[in-house]
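Source file: final28.cif; contents: mmCIF, C-alpha atoms.
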data_start
#
loop_
_atom_site.label_atom_id
_atom_site.label_comp_id
_atom_site.auth_asym_id
_atom_site.auth_seq_id
_atom_site.Cartn_x
_atom_site.Cartn_y
_atom_site.Cartn_z
CA MET A 292 -7.27 24.17 -13.32
CA ALA A 293 -4.88 24.44 -16.27
CA TYR A 294 -2.65 27.42 -17.01
CA ALA A 295 -0.36 28.30 -19.86
CA ALA A 296 3.13 26.84 -19.58
CA TRP A 297 4.75 30.26 -19.16
CA ASP A 298 2.70 30.89 -16.00
CA HIS A 299 4.34 27.94 -14.29
CA PRO A 300 7.53 27.81 -12.28
CA GLU A 301 9.84 24.91 -12.92
CA PRO A 302 8.13 21.55 -12.29
CA LEU A 303 9.06 19.54 -9.23
CA ALA A 304 12.44 17.86 -9.67
CA LEU A 305 12.10 14.08 -9.79
CA GLY A 306 15.05 13.78 -7.45
CA SER A 307 13.09 15.61 -4.76
CA ALA A 308 10.61 12.75 -4.40
CA PRO A 309 11.26 10.95 -1.06
CA LEU A 310 11.91 7.38 -2.15
CA PRO A 311 10.72 4.44 -0.06
CA GLU A 312 13.45 2.69 1.94
CA TYR A 313 13.63 -0.34 -0.32
CA GLY A 314 16.21 -2.85 0.88
CA SER A 315 16.55 -1.57 4.43
CA GLY A 316 13.23 -0.36 5.84
CA SER A 317 10.21 -0.98 3.61
CA LEU A 318 7.26 -3.35 3.78
CA SER A 319 8.91 -5.66 1.27
CA ASP A 320 11.80 -6.13 3.73
CA LEU A 321 9.69 -7.20 6.70
CA LEU A 322 8.85 -10.87 6.13
CA PRO A 323 12.28 -11.74 4.67
CA THR A 324 13.83 -10.28 7.84
CA LEU A 325 11.56 -12.33 10.11
CA ALA A 326 12.02 -15.47 8.02
CA ALA A 327 15.81 -15.06 8.05
CA GLY A 328 15.63 -15.02 11.83
CA MET A 329 13.87 -18.39 11.65
CA ALA A 330 16.59 -19.83 9.36
CA VAL A 331 14.47 -19.95 6.21
CA PRO A 332 16.89 -20.49 3.30
CA GLY A 333 17.40 -17.60 0.90
CA MET A 334 16.00 -14.93 3.21
CA THR A 335 17.96 -11.82 4.20
CA ALA A 336 17.51 -9.77 7.37
CA ALA A 337 17.28 -6.42 5.60
CA ILE A 338 15.70 -4.49 8.51
CA THR A 339 18.77 -4.76 10.67
CA GLU A 340 17.15 -3.18 13.74
CA LEU A 341 14.92 -6.23 14.33
CA THR A 342 15.94 -9.08 16.64
CA ALA A 343 15.17 -12.66 15.63
CA ALA A 344 12.32 -14.56 17.28
CA ASP A 345 11.12 -18.16 16.91
CA ARG A 346 7.48 -17.13 16.59
CA ASN A 347 6.51 -14.03 14.60
CA CYS A 348 3.11 -12.46 14.04
CA VAL A 349 2.45 -9.57 11.66
CA PHE A 350 -0.81 -7.70 12.31
CA LEU A 351 -1.45 -5.42 9.34
CA VAL A 352 -4.02 -2.70 9.99
CA ASP A 353 -5.17 -1.30 6.67
CA GLY A 354 -4.69 2.49 6.61
CA LEU A 355 -2.90 2.90 9.96
CA GLY A 356 -0.34 5.52 8.95
CA TRP A 357 2.47 6.60 11.25
CA GLU A 358 1.48 10.24 11.27
CA GLN A 359 -2.19 9.48 11.95
CA LEU A 360 -1.28 7.20 14.85
CA ARG A 361 1.03 9.77 16.43
CA ALA A 362 -1.71 12.41 16.13
CA HIS A 363 -4.27 10.33 18.08
CA PRO A 364 -2.69 9.10 21.34
CA ASP A 365 -5.94 9.51 23.28
CA GLU A 366 -7.85 7.20 20.96
CA ALA A 367 -5.06 4.60 20.87
CA PRO A 368 -3.30 4.61 24.25
CA PHE A 369 -1.90 1.09 23.93
CA LEU A 370 -0.55 1.67 20.42
CA ALA A 371 0.85 5.03 21.49
CA SER A 372 2.69 3.33 24.34
CA LEU A 373 4.43 1.18 21.73
CA LEU A 374 5.64 4.01 19.49
CA GLY A 375 9.11 3.83 20.99
CA SER A 376 9.30 0.13 20.10
CA SER A 377 8.83 0.81 16.38
CA ARG A 378 11.48 -0.55 14.06
CA GLY A 379 13.38 -2.50 16.67
CA GLY A 380 13.25 0.13 19.39
CA THR A 381 14.53 3.01 17.27
CA GLY A 382 11.15 4.73 17.47
CA ARG A 383 11.18 5.22 13.69
CA PRO A 384 8.67 4.12 11.03
CA ILE A 385 9.24 2.08 7.91
CA THR A 386 7.92 2.95 4.44
CA ALA A 387 5.17 1.37 2.39
CA GLY A 388 6.60 1.47 -1.15
CA TYR A 389 5.27 3.18 -4.26
CA PRO A 390 2.44 3.45 -4.82
CA ALA A 391 1.21 3.45 -1.22
CA THR A 392 -1.93 1.45 -1.92
CA THR A 393 -3.35 -1.79 -0.61
CA ALA A 394 -2.87 -4.21 -3.51
CA THR A 395 0.72 -3.09 -4.04
CA SER A 396 1.59 -3.11 -0.34
CA LEU A 397 0.04 -6.50 0.43
CA ALA A 398 1.97 -8.00 -2.47
CA SER A 399 5.16 -6.37 -1.17
CA VAL A 400 4.55 -7.79 2.31
CA GLY A 401 3.73 -11.30 1.18
CA THR A 402 6.33 -11.77 -1.54
CA GLY A 403 9.14 -9.80 0.08
CA LEU A 404 9.65 -8.09 -3.28
CA PRO A 405 9.36 -4.43 -4.34
CA PRO A 406 6.51 -3.47 -6.70
CA GLY A 407 8.71 -3.46 -9.77
CA ALA A 408 9.47 -7.13 -9.18
CA HIS A 409 6.18 -8.60 -7.93
CA GLY A 410 4.29 -6.71 -10.62
CA LEU A 411 1.34 -5.12 -8.83
CA PRO A 412 2.45 -1.50 -9.32
CA GLY A 413 -0.85 0.27 -8.72
CA TYR A 414 -4.55 0.19 -7.97
CA THR A 415 -5.42 -0.15 -11.67
CA VAL A 416 -2.81 -0.78 -14.37
CA ARG A 417 -2.86 -1.73 -18.02
CA ASP A 418 -2.57 -5.40 -18.91
CA PRO A 419 -0.17 -5.36 -21.87
CA ALA A 420 -1.67 -8.61 -23.16
CA THR A 421 -5.17 -7.16 -23.54
CA GLY A 422 -4.70 -3.40 -23.49
CA GLN A 423 -7.35 -3.16 -20.75
CA LEU A 424 -7.11 -1.62 -17.32
CA MET A 425 -6.91 -4.26 -14.60
CA ASN A 426 -8.04 -3.58 -11.05
CA GLN A 427 -5.44 -5.41 -8.96
CA LEU A 428 -7.44 -5.16 -5.73
CA ARG A 429 -10.65 -6.65 -7.15
CA TRP A 430 -8.84 -8.61 -9.89
CA GLN A 431 -11.11 -7.39 -12.67
CA PRO A 432 -11.06 -8.35 -15.46
CA TRP A 433 -9.83 -11.84 -14.66
CA THR A 434 -6.16 -12.53 -15.31
CA ASP A 435 -4.28 -15.74 -14.49
CA PRO A 436 -2.83 -15.01 -11.02
CA ALA A 437 0.20 -17.28 -11.44
CA ALA A 438 1.18 -15.56 -14.68
CA TRP A 439 0.61 -12.09 -13.25
CA GLN A 440 2.71 -12.71 -10.11
CA PRO A 441 4.86 -15.85 -10.54
CA TYR A 442 7.12 -15.62 -7.49
CA PRO A 443 6.58 -17.71 -4.33
CA THR A 444 5.44 -15.92 -1.22
CA VAL A 445 7.55 -15.83 1.94
CA PHE A 446 4.82 -17.90 3.61
CA GLN A 447 5.33 -20.63 1.01
CA LEU A 448 9.09 -20.58 1.43
CA ALA A 449 8.76 -20.63 5.22
CA ALA A 450 6.32 -23.55 5.14
CA ASP A 451 8.69 -25.45 2.83
CA ALA A 452 11.41 -24.90 5.45
CA GLY A 453 9.30 -26.42 8.22
CA VAL A 454 7.94 -23.21 9.72
CA HIS A 455 4.28 -23.25 10.81
CA ALA A 456 2.82 -20.61 8.47
CA ALA A 457 -0.73 -19.30 8.75
CA GLN A 458 -2.96 -16.41 7.72
CA VAL A 459 -5.92 -15.38 9.90
CA SER A 460 -8.28 -13.00 8.15
CA SER A 461 -11.84 -12.47 6.99
CA PRO A 462 -13.29 -15.56 5.26
CA THR A 463 -14.14 -13.38 2.26
CA PHE A 464 -10.46 -13.12 1.39
CA GLN A 465 -9.66 -16.84 1.42
CA HIS A 466 -10.03 -17.57 -2.28
CA THR A 467 -9.35 -14.16 -3.82
CA PRO A 468 -6.64 -13.90 -6.49
CA LEU A 469 -4.87 -11.18 -4.48
CA THR A 470 -4.58 -13.55 -1.51
CA LYS A 471 -3.30 -16.26 -3.83
CA VAL A 472 -0.53 -14.16 -5.36
CA ALA A 473 0.43 -12.19 -2.23
CA LEU A 474 -0.37 -14.11 0.94
CA SER A 475 -0.74 -17.82 0.18
CA GLY A 476 1.36 -20.54 1.78
CA GLY A 477 0.74 -22.54 4.93
CA THR A 478 -2.90 -22.50 6.00
CA PHE A 479 -5.64 -19.86 5.76
CA HIS A 480 -8.07 -19.53 8.66
CA GLY A 481 -11.17 -17.40 8.16
CA ARG A 482 -12.52 -15.63 11.23
CA LEU A 483 -15.29 -13.04 11.06
CA THR A 484 -14.62 -10.68 13.96
CA GLY A 485 -11.45 -8.89 14.93
CA GLU A 486 -11.56 -10.48 18.37
CA GLU A 487 -11.77 -13.97 16.87
CA ARG A 488 -8.79 -13.21 14.65
CA MET A 489 -6.68 -12.03 17.58
CA ASP A 490 -7.47 -15.12 19.64
CA PHE A 491 -6.83 -17.52 16.79
CA ALA A 492 -3.65 -15.76 15.69
CA ALA A 493 -2.29 -16.34 19.20
CA GLU A 494 -3.25 -20.02 18.95
CA GLN A 495 -1.51 -20.32 15.60
CA LEU A 496 1.64 -18.74 16.98
CA ALA A 497 1.74 -21.42 19.67
CA ALA A 498 1.10 -24.22 17.18
CA GLY A 499 4.74 -24.52 16.09
CA ASP A 500 8.22 -24.22 17.53
CA ARG A 501 8.80 -21.81 14.65
CA SER A 502 5.72 -19.91 13.50
CA LEU A 503 4.95 -17.15 10.99
CA VAL A 504 1.43 -15.79 11.36
CA TYR A 505 -0.30 -12.94 9.51
CA THR A 506 -3.56 -11.27 10.49
CA TYR A 507 -5.40 -8.30 9.04
CA TYR A 508 -8.02 -5.66 9.81
CA ALA A 509 -9.62 -3.57 7.03
CA GLU A 510 -12.30 -1.40 8.64
CA LEU A 511 -10.06 1.51 9.68
CA ASP A 512 -9.20 2.10 6.02
CA GLY A 513 -12.85 1.93 5.01
CA ALA A 514 -13.79 4.55 7.60
CA GLY A 515 -11.02 6.83 6.36
CA HIS A 516 -12.04 6.58 2.73
CA ARG A 517 -15.71 7.19 3.45
CA TYR A 518 -15.61 9.71 6.28
CA GLY A 519 -11.99 10.91 6.46
CA VAL A 520 -9.24 10.52 9.02
CA ASP A 521 -10.59 13.59 10.83
CA SER A 522 -13.96 11.92 11.48
CA ASP A 523 -15.47 10.48 14.64
CA THR A 524 -16.09 7.23 12.75
CA TRP A 525 -12.38 6.88 11.96
CA ARG A 526 -11.45 7.67 15.56
CA GLY A 527 -13.89 5.05 16.78
CA GLN A 528 -12.28 2.47 14.51
CA LEU A 529 -8.85 3.43 15.81
CA MET A 530 -10.07 2.88 19.37
CA HIS A 531 -11.26 -0.60 18.35
CA VAL A 532 -7.92 -1.39 16.69
CA ASP A 533 -6.15 -0.34 19.88
CA ARG A 534 -8.17 -2.85 21.89
CA LEU A 535 -7.53 -5.60 19.33
CA VAL A 536 -3.76 -5.11 19.44
CA GLN A 537 -3.76 -5.19 23.23
CA ARG A 538 -5.91 -8.34 23.19
CA LEU A 539 -3.41 -10.12 20.95
CA ALA A 540 -0.37 -8.81 22.81
CA GLU A 541 -1.68 -10.20 26.08
CA GLN A 542 -2.00 -13.69 24.59
CA LEU A 543 1.41 -14.09 22.99
CA PRO A 544 2.99 -17.49 23.66
CA PRO A 545 6.62 -17.67 24.79
CA ARG A 546 9.42 -16.72 22.35
CA SER A 547 7.08 -14.57 20.25
CA ALA A 548 7.31 -11.19 18.55
CA LEU A 549 4.22 -9.27 17.43
CA TYR A 550 4.67 -6.59 14.78
CA VAL A 551 1.87 -4.10 14.10
CA THR A 552 2.18 -2.35 10.77
CA ALA A 553 0.10 -0.95 7.89
CA ASP A 554 -0.06 -0.80 4.12
CA HIS A 555 -0.25 3.01 3.85
CA GLY A 556 -1.27 6.19 5.60
CA MET A 557 -4.02 8.53 4.47
CA LEU A 558 -4.98 12.18 4.16
CA ASP A 559 -8.27 14.01 3.68
CA VAL A 560 -8.52 16.04 0.48
CA PRO A 561 -10.96 19.01 0.31
CA PHE A 562 -13.86 18.91 -2.13
CA ASP A 563 -13.09 21.86 -4.39
CA GLU A 564 -11.65 22.42 -7.84
CA GLN A 565 -8.24 23.46 -6.52
CA HIS A 566 -7.73 20.17 -4.68
CA ARG A 567 -9.67 17.82 -6.97
CA ILE A 568 -8.65 18.18 -10.61
CA ASP A 569 -11.20 16.37 -12.77
CA PHE A 570 -9.57 14.51 -15.65
CA ASP A 571 -12.95 13.93 -17.26
CA GLU A 572 -13.52 17.70 -17.52
CA ASP A 573 -9.99 18.80 -18.42
CA TRP A 574 -9.34 18.65 -22.15
CA GLU A 575 -5.63 19.38 -21.76
CA LEU A 576 -5.03 16.41 -19.49
CA ARG A 577 -7.16 14.13 -21.69
CA ALA A 578 -5.35 15.02 -24.93
CA GLY A 579 -3.48 12.01 -26.26
CA VAL A 580 -4.48 9.75 -23.37
CA ALA A 581 -5.88 6.31 -24.14
CA LEU A 582 -6.27 5.04 -20.56
CA LEU A 583 -6.14 6.61 -17.11
CA GLY A 584 -4.96 4.16 -14.45
CA GLY A 585 -3.80 4.18 -10.86
CA GLU A 586 -5.72 6.37 -8.41
CA GLY A 587 -6.11 10.02 -7.55
CA ARG A 588 -2.70 10.52 -5.92
CA ALA A 589 -0.72 7.99 -7.96
CA ARG A 590 -1.69 8.00 -11.62
CA HIS A 591 -0.59 5.75 -14.47
CA VAL A 592 -1.28 7.54 -17.76
CA TYR A 593 -1.28 5.46 -20.96
CA ALA A 594 -0.89 7.47 -24.15
CA VAL A 595 -2.22 6.72 -27.59
CA PRO A 596 0.59 5.46 -29.87
CA GLY A 597 3.08 8.21 -30.65
CA ALA A 598 1.72 10.68 -28.11
CA ALA A 599 3.71 9.75 -24.98
CA ASP A 600 6.15 12.67 -25.21
CA ASP A 601 3.38 15.20 -25.76
CA VAL A 602 1.35 13.80 -22.85
CA LEU A 603 4.40 14.00 -20.60
CA THR A 604 5.04 17.61 -21.59
CA CYS A 605 1.42 18.61 -21.05
CA TRP A 606 1.07 16.88 -17.67
CA ARG A 607 4.29 18.52 -16.48
CA GLU A 608 3.10 21.95 -17.60
CA VAL A 609 -0.35 21.60 -16.06
CA LEU A 610 0.50 19.66 -12.88
CA GLY A 611 4.24 19.97 -12.37
CA GLU A 612 3.99 22.23 -9.31
CA GLN A 613 1.72 19.80 -7.47
CA PHE A 614 2.83 16.39 -8.75
CA TRP A 615 6.09 14.66 -9.48
CA VAL A 616 5.52 13.81 -13.16
CA ALA A 617 7.84 11.27 -14.79
CA SER A 618 8.02 9.15 -17.89
CA ARG A 619 7.85 5.41 -17.37
CA ASP A 620 11.60 4.99 -17.83
CA GLU A 621 12.37 7.96 -15.57
CA ALA A 622 10.22 6.56 -12.76
CA ILE A 623 11.82 3.14 -13.06
CA ALA A 624 15.35 4.55 -13.19
CA ALA A 625 14.64 6.83 -10.20
CA GLY A 626 13.71 3.78 -8.12
CA TRP A 627 10.06 4.64 -7.54
CA PHE A 628 9.06 0.99 -7.92
CA GLY A 629 12.15 -0.44 -6.26
CA PRO A 630 15.84 -0.72 -7.10
CA PRO A 631 16.24 -0.60 -10.89
CA ASP A 632 18.41 -3.72 -10.87
CA ARG A 633 15.49 -5.66 -9.33
CA PHE A 634 12.93 -4.47 -11.86
CA ASP A 635 11.27 -7.33 -13.77
CA GLU A 636 10.79 -6.57 -17.46
CA ARG A 637 7.40 -8.29 -17.50
CA VAL A 638 6.16 -5.33 -15.42
CA HIS A 639 7.37 -2.66 -17.86
CA GLY A 640 4.19 -2.36 -19.90
CA ARG A 641 1.98 -2.25 -16.82
CA ILE A 642 3.43 1.09 -15.78
CA GLY A 643 2.05 4.23 -17.40
CA ASP A 644 3.81 6.06 -20.20
CA VAL A 645 3.51 8.93 -17.71
CA VAL A 646 3.49 8.45 -13.92
CA ALA A 647 2.15 11.25 -11.70
CA ALA A 648 2.67 11.18 -7.92
CA ALA A 649 1.02 13.87 -5.79
CA HIS A 650 3.18 16.25 -3.76
CA ASP A 651 0.41 18.54 -2.44
CA ASP A 652 -2.97 17.63 -0.90
CA VAL A 653 -4.50 17.24 -4.34
CA LEU A 654 -6.14 14.54 -6.46
CA ILE A 655 -6.64 13.81 -10.12
CA ILE A 656 -10.17 12.47 -10.00
CA ALA A 657 -12.24 11.09 -12.87
CA SER A 658 -15.83 11.91 -11.96
CA GLU A 659 -17.41 9.97 -14.84
CA ARG A 660 -15.04 6.99 -15.09
CA GLU A 661 -14.45 6.57 -11.36
CA PRO A 662 -17.46 8.01 -9.51
CA LYS A 663 -16.99 6.02 -6.30
CA GLU A 664 -13.25 6.67 -6.02
CA SER A 665 -13.76 10.35 -6.88
CA ALA A 666 -16.15 10.73 -3.93
CA MET A 667 -13.74 9.42 -1.28
CA VAL A 668 -12.80 11.78 1.55
CA GLY A 669 -9.58 10.05 2.62
CA ASN A 670 -7.00 9.18 -0.03
CA HIS A 671 -3.49 7.77 -0.41
CA GLY A 672 -1.03 6.46 -2.97
CA SER A 673 1.87 8.86 -3.32
CA MET A 674 5.31 9.26 -1.73
CA THR A 675 4.59 11.94 0.85
CA PRO A 676 5.33 11.06 4.50
CA VAL A 677 1.66 11.03 5.50
CA GLU A 678 1.08 8.21 2.97
CA GLN A 679 4.42 6.41 3.00
CA LEU A 680 5.33 6.18 6.67
CA VAL A 681 3.85 3.23 8.55
CA PRO A 682 4.57 1.92 12.04
CA LEU A 683 6.40 -1.28 12.90
CA LEU A 684 5.35 -1.54 16.54
CA GLU A 685 6.77 -4.48 18.49
CA VAL A 686 5.64 -6.56 21.46
CA ARG A 687 7.74 -9.51 22.60
CA SER A 688 7.05 -12.28 25.09
#

Encoded form using structure tokens:
Amino acid sequence: MAYAAWDHPEPLALGSAPLPEYGSGSLSDLLPTLAAGMAVPGMTAAITELTAADRNCVFLVDGLGWEQLRAHPDEAPFLASLLGSSRGGTGRPITAGYPATTATSLASVGTGLPPGAHGLPGYTVRDPATGQLMNQLRWQPWTDPAAWQPYPTVFQLAADAGVHAAQVSSPTFQHTPLTKVALSGGTFHGRLTGEERMDFAAEQLAAGDRSLVYTYYAELDGAGHRYGVDSDTWRGQLMHVDRLVQRLAEQLPPRSALYVTADHGMLDVPFDEQHRIDFDEDWELRAGVALLGGEGRARHVYAVPGAADDVLTCWREVLGEQFWVASRDEAIAAGWFGPPDRFDERVHGRIGDVVAAAHDDVLIIASEREPKESAMVGNHGSMTPVEQLVPLLEVRS
């Protein structure tokens, strides 16, 4: 609901946004830290709390946020028993990166780069070459993957250094552009069930004196989006994840470290007008906007030529109590997408003229343009702890 500007307190200060721990404790720091411990050239051990191992496995559970895990010890007794091991035994989480969404986070994991460098800074972003919105999860419309994300993955660099590198995931992901730009290098092994992935990941760990193995589970995230993280379906998925992690942990070969992490957390957003602001029905928010990108809690707003300042002013007046609202240059300079000195200029035009990150439990939906996304119960994307904080649970053999 929109109000006149004079009815609003001061908008949220941009400096109050809790930045991801780029360079010391974010997803983009994980694989470089593990690879540095295996003597891969050019890698830096940025997460200093971790101890080197010859064989490393990263099990990424889509949507397994730190706060959700801590709130459900009965459903996940094995995972809960590992909470004290997180981040090298400090018992602390790491952060996803902004925005806290799957395409961005998987690229951060695989490349070891923050979003402003690897160039996947959102769920949907504008392609400056075409002016169209590009969905970076589904890779629609088609864009040359190598041009969109030109940097080598950590898996590629590790394999070049003689490390046995492998990904064990669903066969449906083997040839996707997102896998190519974020997780390629070494060998991909498609396995249908979670149990098969756990067993084969353990085999791949044992296949080299130095090994770097990645495996993935998506269904927890799907349950959260469809039914919410307060649902029995989500809890049932968490129970299954707990059994999968224990299954893998019990099969670790000697000199191995297993790290269980996630790409983002999630929160349920109520279905009412106060919590779900509909862009398609709000003339103030639509004024001067050519394209609406991102997702409900992490929006990229692309203005018609000459209207960027007016759009920024309007979005701050209408949403400034509930969202951190920044111009493109302000968001980059504030470090939302990573350290400004690591920002790649090719990414500049992909970021919205206005960037809006949710502070409260609220969404900017688009009921006509994005009917499926607008109907989701569980959501994520912004910089709040429930979305940003993810575990880094550790089991060693």

Determine the nearest neighbour of Leu355 of chain A from the options A:Val331, A:Ala578, A:Ala367, A:Ala438, counting only C-alpha atoms.
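Once distances to Leu355 of chain A are computed over only C-alpha atoms, the minimum belongs to A:Ala367.
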
Give me the result of the PyMOL selection byres ((chain A and resi 325-329) around 8) on this file, residue by residue, as a PDB file with C-alpha atoms, keeping the file's coordinate frame.
ATOM      1  CA  LEU A 321       9.690  -7.200   6.700  1.00  0.00           C
ATOM      2  CA  LEU A 322       8.850 -10.870   6.130  1.00  0.00           C
ATOM      3  CA  PRO A 323      12.280 -11.740   4.670  1.00  0.00           C
ATOM      4  CA  THR A 324      13.830 -10.280   7.840  1.00  0.00           C
ATOM      5  CA  ALA A 330      16.590 -19.830   9.360  1.00  0.00           C
ATOM      6  CA  VAL A 331      14.470 -19.950   6.210  1.00  0.00           C
ATOM      7  CA  PRO A 332      16.890 -20.490   3.300  1.00  0.00           C
ATOM      8  CA  GLY A 333      17.400 -17.600   0.900  1.00  0.00           C
ATOM      9  CA  MET A 334      16.000 -14.930   3.210  1.00  0.00           C
ATOM     10  CA  THR A 335      17.960 -11.820   4.200  1.00  0.00           C
ATOM     11  CA  ALA A 336      17.510  -9.770   7.370  1.00  0.00           C
ATOM     12  CA  THR A 342      15.940  -9.080  16.640  1.00  0.00           C
ATOM     13  CA  ALA A 343      15.170 -12.660  15.630  1.00  0.00           C
ATOM     14  CA  ALA A 344      12.320 -14.560  17.280  1.00  0.00           C
ATOM     15  CA  ASP A 345      11.120 -18.160  16.910  1.00  0.00           C
ATOM     16  CA  ASN A 347       6.510 -14.030  14.600  1.00  0.00           C
ATOM     17  CA  VAL A 445       7.550 -15.830   1.940  1.00  0.00           C
ATOM     18  CA  ALA A 449       8.760 -20.630   5.220  1.00  0.00           C
ATOM     19  CA  VAL A 454       7.940 -23.210   9.720  1.00  0.00           C
ATOM     20  CA  ARG A 501       8.800 -21.810  14.650  1.00  0.00           C
ATOM     21  CA  LEU A 503       4.950 -17.150  10.990  1.00  0.00           C
TER      22      LEU A 503
END

Residues within 10 Å of Glu661 of chain A, please, as a list in words. Count only C-alpha atoms; anything in the same chain fewer than 3 positions from it doesn't count.
Asp571, Glu586, Gly587, Ile656, Ala657, Ser658, Glu664, Ser665 and Ala666 of chain A

If you count only C-alpha atoms, which residues fall within 8 Å of segment 638-645 of chain A, apart from same-chain ones fewer than 3 positions away, as a CSV table (one decimal) with C-alpha atoms, keeping the file's coordinate frame?
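What follows is the written file selection_21.csv:
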chain,number,residue,atom,x,y,z
A,407,GLY,CA,8.7,-3.5,-9.8
A,408,ALA,CA,9.5,-7.1,-9.2
A,410,GLY,CA,4.3,-6.7,-10.6
A,412,PRO,CA,2.4,-1.5,-9.3
A,416,VAL,CA,-2.8,-0.8,-14.4
A,417,ARG,CA,-2.9,-1.7,-18.0
A,418,ASP,CA,-2.6,-5.4,-18.9
A,419,PRO,CA,-0.2,-5.4,-21.9
A,584,GLY,CA,-5.0,4.2,-14.4
A,590,ARG,CA,-1.7,8.0,-11.6
A,591,HIS,CA,-0.6,5.8,-14.5
A,592,VAL,CA,-1.3,7.5,-17.8
A,593,TYR,CA,-1.3,5.5,-21.0
A,594,ALA,CA,-0.9,7.5,-24.2
A,599,ALA,CA,3.7,9.8,-25.0
A,602,VAL,CA,1.4,13.8,-22.8
A,603,LEU,CA,4.4,14.0,-20.6
A,616,VAL,CA,5.5,13.8,-13.2
A,617,ALA,CA,7.8,11.3,-14.8
A,618,SER,CA,8.0,9.2,-17.9
A,619,ARG,CA,7.8,5.4,-17.4
A,634,PHE,CA,12.9,-4.5,-11.9
A,635,ASP,CA,11.3,-7.3,-13.8

Run the PyMOL selection byres ((chain A and resi 379-392) around 7) on the file and write out the hits as a PyMOL selection string.
chain A and resi 311-312+316-318+340-341+357+374-378+393-396+412-414+554-555+589+627-628+671-674+678-683

Between atom CA of Val677 of chain A and atom CA of Ser372 of chain A - distance in Å to one decimal:
20.4 Å

Considering all atoms listed in the file, state which residue in the set A:Pro630, A:Ala647, A:Val595, A:His466 is at the smallest distance from Gly611 of chain A.
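Closest candidate: A:Ala647.
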
Quick one: which residues end up in the PyMOL selection byres ((chain A and resi 507-509) around 10) for this structure, as a list of chain:residue names?
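Matching residues under the PyMOL selection byres ((chain A and resi 507-509) around 10) are A:Val349, A:Phe350, A:Leu351, A:Val352, A:Asp353, A:Gly354, A:Leu355, A:Gln458, A:Val459, A:Ser460, A:Ser461, A:Thr484, A:Gly485, A:Arg488, A:Met489, A:Tyr505, A:Thr506, A:Glu510, A:Leu511, A:Asp512, A:Gly513, A:Ala514, A:Gln528, A:Val532, A:Leu535, A:Val551, A:Thr552, A:Ala553.
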
Prev. selection, C-alpha atoms, output as a compact mmCIF listing (two decimals), in the frame of the given file:
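As written to disk, result.txt reads:
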# COMPACT_ATOMS: atom_id res chain seq x y z
CA VAL A 349 2.45 -9.57 11.66
CA PHE A 350 -0.81 -7.70 12.31
CA LEU A 351 -1.45 -5.42 9.34
CA VAL A 352 -4.02 -2.70 9.99
CA ASP A 353 -5.17 -1.30 6.67
CA GLY A 354 -4.69 2.49 6.61
CA LEU A 355 -2.90 2.90 9.96
CA GLN A 458 -2.96 -16.41 7.72
CA VAL A 459 -5.92 -15.38 9.90
CA SER A 460 -8.28 -13.00 8.15
CA SER A 461 -11.84 -12.47 6.99
CA THR A 484 -14.62 -10.68 13.96
CA GLY A 485 -11.45 -8.89 14.93
CA ARG A 488 -8.79 -13.21 14.65
CA MET A 489 -6.68 -12.03 17.58
CA TYR A 505 -0.30 -12.94 9.51
CA THR A 506 -3.56 -11.27 10.49
CA GLU A 510 -12.30 -1.40 8.64
CA LEU A 511 -10.06 1.51 9.68
CA ASP A 512 -9.20 2.10 6.02
CA GLY A 513 -12.85 1.93 5.01
CA ALA A 514 -13.79 4.55 7.60
CA GLN A 528 -12.28 2.47 14.51
CA VAL A 532 -7.92 -1.39 16.69
CA LEU A 535 -7.53 -5.60 19.33
CA VAL A 551 1.87 -4.10 14.10
CA THR A 552 2.18 -2.35 10.77
CA ALA A 553 0.10 -0.95 7.89

When you count all atoms listed in the file, which of these residues is closest to Leu684 of chain A: A:Asp569, A:Ala304, A:Pro631, A:Phe369?
A:Phe369

Just give me the gap between atom CA of Phe479 of chain A and atom CA of Asp500 of chain A in Å, one decimal is fine.
18.7 Å

I need every residue sitting at most 10 Å from the point (-16.0, 0.1, -11.3) (coordinates as in the file, all atoms listed in the file considered), written as a ChimeraX atom specification.
/A:426,429,431,660-664

Near Glu366 of chain A, counting only C-alpha atoms, which residues have an atom at most 7 Å away, once you skip same-chain residues fewer than 3 positions from it, shown as a PyMOL selection string?
chain A and resi 363+526+529-530

Can I get a file of segment 558-576 of chain A from the given structure, C-alpha atoms kept, as a PDB file, in the first residue's frame?
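Generated output (decode_24.pdb):
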ATOM      1  CA  LEU A 558      10.987 -17.449   5.432  1.00  0.00           C
ATOM      2  CA  ASP A 559       7.235 -17.777   5.001  1.00  0.00           C
ATOM      3  CA  VAL A 560       5.453 -14.584   3.959  1.00  0.00           C
ATOM      4  CA  PRO A 561       1.722 -14.159   4.774  1.00  0.00           C
ATOM      5  CA  PHE A 562      -0.782 -13.857   1.949  1.00  0.00           C
ATOM      6  CA  ASP A 563      -2.206 -10.382   2.509  1.00  0.00           C
ATOM      7  CA  GLU A 564      -1.787  -6.927   1.033  1.00  0.00           C
ATOM      8  CA  GLN A 565       0.428  -5.708   3.872  1.00  0.00           C
ATOM      9  CA  HIS A 566       3.012  -8.425   3.281  1.00  0.00           C
ATOM     10  CA  ARG A 567       2.647  -8.904  -0.481  1.00  0.00           C
ATOM     11  CA  ILE A 568       2.828  -5.614  -2.378  1.00  0.00           C
ATOM     12  CA  ASP A 569       1.653  -6.206  -5.943  1.00  0.00           C
ATOM     13  CA  PHE A 570       3.749  -4.278  -8.466  1.00  0.00           C
ATOM     14  CA  ASP A 571       1.240  -5.050 -11.206  1.00  0.00           C
ATOM     15  CA  GLU A 572      -1.507  -3.255  -9.256  1.00  0.00           C
ATOM     16  CA  ASP A 573       0.517  -0.348  -7.863  1.00  0.00           C
ATOM     17  CA  TRP A 574       0.701   2.571 -10.278  1.00  0.00           C
ATOM     18  CA  GLU A 575       3.241   4.449  -8.151  1.00  0.00           C
ATOM     19  CA  LEU A 576       5.758   1.617  -8.218  1.00  0.00           C
TER      20      LEU A 576
END
